[in-house]
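Asks: First the structure, then my questions, so here it is.
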Amino acid sequence: MATSTDAKLELLRRVPLFSDLGKKELVEVGQLAEEIDVAAGRQLTRQGEYAREFFVIIDGAVRIDKDGTRLATLGPGDFFGEIALIDGGARTATATTDSPAKLLLVGHREFHSLMEMNSSVQTCVLMALARRVRNLDPVAD
């Protein structure tokens with residue numbers, strides 16, 4: 001069964017990258033998000049490989065491993081791959097489903113097209129990234 005539009009938008013609103021978007025912009029991001037069902041044991045990302053997508057977990061569990069060590073187990077409402085959505089860079093960890101999972105997937109190309117067409121989306125994303133950098137680096141000005 002597909003996730004309702006309202007539930008999809010609420011999941012996306014919880015993602016720091018999208019939290020400052022207005023309803024109209026959030027709907028546009030939601031239209032880009034594809035809902036997928038994934039079997040247990042499927043590797044979604046691989047550490048060191050270049051990335052093209054971002055995921056939000058609707059249902060199920062995803063484990064995050066770095067250098068063979070489990071860092072976390074994510075569940076409904078959690079997300080991963082958001083930095084790759086912006087820069088398309090190499091993954092810093094491997095993500096594998098621990099159980100069957102339902103996910104929202106947002107592709108790199110589609111998201112960049114939206115940012116080019118909608119400056120308010122671009123501004124919100126840049127502000128979210130700036131907050132993240134500021135929180136990670138206490139000397140960031």
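Identifiers in the structure tokens: chain A, B, ... in order shown; residue index from 1 per chain; ligand index from 1 in order shown.
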Give me, as a PDB file with C-alpha atoms, in the first residue's frame, the residues of chain A that a backbone DSSP run labels strand (DSSP E).

Replies:
```pdb
ATOM      1  CA  GLU A  34       9.765   7.439  -5.387  1.00  0.00           C
ATOM      2  CA  GLU A  35       8.382   4.871  -2.955  1.00  0.00           C
ATOM      3  CA  ILE A  36      10.207   1.535  -3.162  1.00  0.00           C
ATOM      4  CA  ASP A  37       9.911  -1.824  -1.393  1.00  0.00           C
ATOM      5  CA  VAL A  38      13.198  -3.562  -0.629  1.00  0.00           C
ATOM      6  CA  GLN A  43      22.753  -3.318   0.119  1.00  0.00           C
ATOM      7  CA  LEU A  44      21.466   0.179  -0.639  1.00  0.00           C
ATOM      8  CA  THR A  45      24.784   2.014  -0.512  1.00  0.00           C
ATOM      9  CA  GLU A  53      20.312   9.153  -4.221  1.00  0.00           C
ATOM     10  CA  PHE A  54      18.962   9.894  -0.778  1.00  0.00           C
ATOM     11  CA  PHE A  55      16.644   7.672   1.302  1.00  0.00           C
ATOM     12  CA  VAL A  56      13.946   8.166   3.955  1.00  0.00           C
ATOM     13  CA  ILE A  57      12.775   5.028   5.790  1.00  0.00           C
ATOM     14  CA  ILE A  58       8.997   4.579   5.866  1.00  0.00           C
ATOM     15  CA  ASP A  59       9.030   1.081   7.353  1.00  0.00           C
ATOM     16  CA  VAL A  62      18.528  -0.325   7.794  1.00  0.00           C
ATOM     17  CA  ARG A  63      21.948  -0.917   9.324  1.00  0.00           C
ATOM     18  CA  ILE A  64      24.779   1.522   8.721  1.00  0.00           C
ATOM     19  CA  ASP A  65      28.331   0.091   8.713  1.00  0.00           C
ATOM     20  CA  LYS A  66      31.652   1.873   8.306  1.00  0.00           C
ATOM     21  CA  THR A  69      31.713  -1.903  12.044  1.00  0.00           C
ATOM     22  CA  ARG A  70      28.034  -1.250  12.724  1.00  0.00           C
ATOM     23  CA  LEU A  71      27.494   2.414  13.505  1.00  0.00           C
ATOM     24  CA  ALA A  72      23.712   2.479  13.787  1.00  0.00           C
ATOM     25  CA  THR A  73      20.434   0.820  12.963  1.00  0.00           C
ATOM     26  CA  LEU A  74      17.916   3.229  11.456  1.00  0.00           C
ATOM     27  CA  PHE A  79      17.099   9.096   6.618  1.00  0.00           C
ATOM     28  CA  PHE A  80      20.526   8.673   5.043  1.00  0.00           C
ATOM     29  CA  THR A  94      27.436   1.086   3.749  1.00  0.00           C
ATOM     30  CA  ALA A  95      23.674   0.815   4.276  1.00  0.00           C
ATOM     31  CA  THR A  96      21.960  -2.591   4.195  1.00  0.00           C
ATOM     32  CA  THR A  97      18.357  -3.497   4.984  1.00  0.00           C
ATOM     33  CA  ALA A 101      11.757  -2.081   4.084  1.00  0.00           C
ATOM     34  CA  LYS A 102       9.649   0.582   2.430  1.00  0.00           C
ATOM     35  CA  LEU A 103      11.683   3.653   1.483  1.00  0.00           C
ATOM     36  CA  LEU A 104      11.358   7.012  -0.195  1.00  0.00           C
ATOM     37  CA  LEU A 105      14.125   7.559  -2.732  1.00  0.00           C
ATOM     38  CA  VAL A 106      15.048  10.982  -4.107  1.00  0.00           C
ATOM     39  CA  GLY A 107      17.441  11.001  -7.064  1.00  0.00           C
TER      40      GLY A 107
END
```

Asks: Using backbone DSSP assignments, extract all helix (DSSP H, G or I) residues from chain A; output them as an mmCIF file with C-alpha atoms, in the first residue's frame.

Replies:
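Contents of the output file selection26.cif:
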```cif
data_model
loop_
_atom_site.group_PDB
_atom_site.id
_atom_site.type_symbol
_atom_site.label_atom_id
_atom_site.label_comp_id
_atom_site.auth_asym_id
_atom_site.auth_seq_id
_atom_site.Cartn_x
_atom_site.Cartn_y
_atom_site.Cartn_z
ATOM 1 C CA THR A 5 0.750 12.240 0.418
ATOM 2 C CA ASP A 6 0.448 13.832 3.873
ATOM 3 C CA ALA A 7 2.533 11.071 5.498
ATOM 4 C CA LYS A 8 5.165 11.382 2.763
ATOM 5 C CA LEU A 9 5.369 15.157 3.240
ATOM 6 C CA GLU A 10 5.643 14.770 7.025
ATOM 7 C CA LEU A 11 8.554 12.347 6.613
ATOM 8 C CA LEU A 12 10.305 14.757 4.257
ATOM 9 C CA ARG A 13 9.665 17.708 6.588
ATOM 10 C CA LYS A 23 4.345 23.463 1.777
ATOM 11 C CA LYS A 24 4.514 24.200 -1.977
ATOM 12 C CA GLU A 25 8.239 23.418 -2.157
ATOM 13 C CA LEU A 26 7.846 20.345 0.045
ATOM 14 C CA VAL A 27 5.123 19.064 -2.299
ATOM 15 C CA GLU A 28 7.551 19.525 -5.211
ATOM 16 C CA VAL A 29 10.210 17.467 -3.395
ATOM 17 C CA GLY A 30 7.531 14.879 -2.537
ATOM 18 C CA GLN A 31 6.673 14.535 -6.214
ATOM 19 C CA LEU A 32 10.310 13.572 -6.863
ATOM 20 C CA GLU A 82 21.433 13.446 2.191
ATOM 21 C CA ILE A 83 24.921 14.812 1.560
ATOM 22 C CA ALA A 84 25.247 12.649 -1.556
ATOM 23 C CA LEU A 85 22.045 14.245 -2.803
ATOM 24 C CA ILE A 86 23.912 17.544 -2.868
ATOM 25 C CA ASP A 87 27.421 16.637 -3.987
ATOM 26 C CA HIS A 108 20.369 13.408 -7.456
ATOM 27 C CA ARG A 109 19.511 14.606 -10.993
ATOM 28 C CA GLU A 110 15.838 15.263 -10.288
ATOM 29 C CA PHE A 111 16.586 17.110 -7.063
ATOM 30 C CA HIS A 112 19.190 19.330 -8.745
ATOM 31 C CA SER A 113 16.689 20.176 -11.491
ATOM 32 C CA LEU A 114 14.204 21.257 -8.820
ATOM 33 C CA MET A 115 16.847 23.436 -7.135
ATOM 34 C CA GLU A 116 17.701 25.099 -10.443
ATOM 35 C CA MET A 117 14.036 25.881 -11.118
ATOM 36 C CA SER A 119 15.494 29.332 -5.814
ATOM 37 C CA SER A 120 13.631 28.999 -2.487
ATOM 38 C CA VAL A 121 14.408 25.254 -2.423
ATOM 39 C CA GLN A 122 18.037 26.026 -3.180
ATOM 40 C CA THR A 123 18.186 28.653 -0.416
ATOM 41 C CA CYS A 124 16.626 26.324 2.169
ATOM 42 C CA VAL A 125 19.014 23.511 1.292
ATOM 43 C CA LEU A 126 22.042 25.823 1.503
ATOM 44 C CA MET A 127 20.866 27.147 4.875
ATOM 45 C CA ALA A 128 20.447 23.600 6.209
ATOM 46 C CA LEU A 129 23.937 22.661 5.036
ATOM 47 C CA ALA A 130 25.395 25.813 6.592
ATOM 48 C CA ARG A 131 23.765 24.929 9.954
ATOM 49 C CA ARG A 132 25.205 21.439 9.734
ATOM 50 C CA VAL A 133 28.722 22.770 9.057
ATOM 51 C CA ARG A 134 28.389 25.294 11.877
ATOM 52 C CA ASN A 135 27.318 22.533 14.284
ATOM 53 C CA LEU A 136 30.193 20.273 13.254
#
```
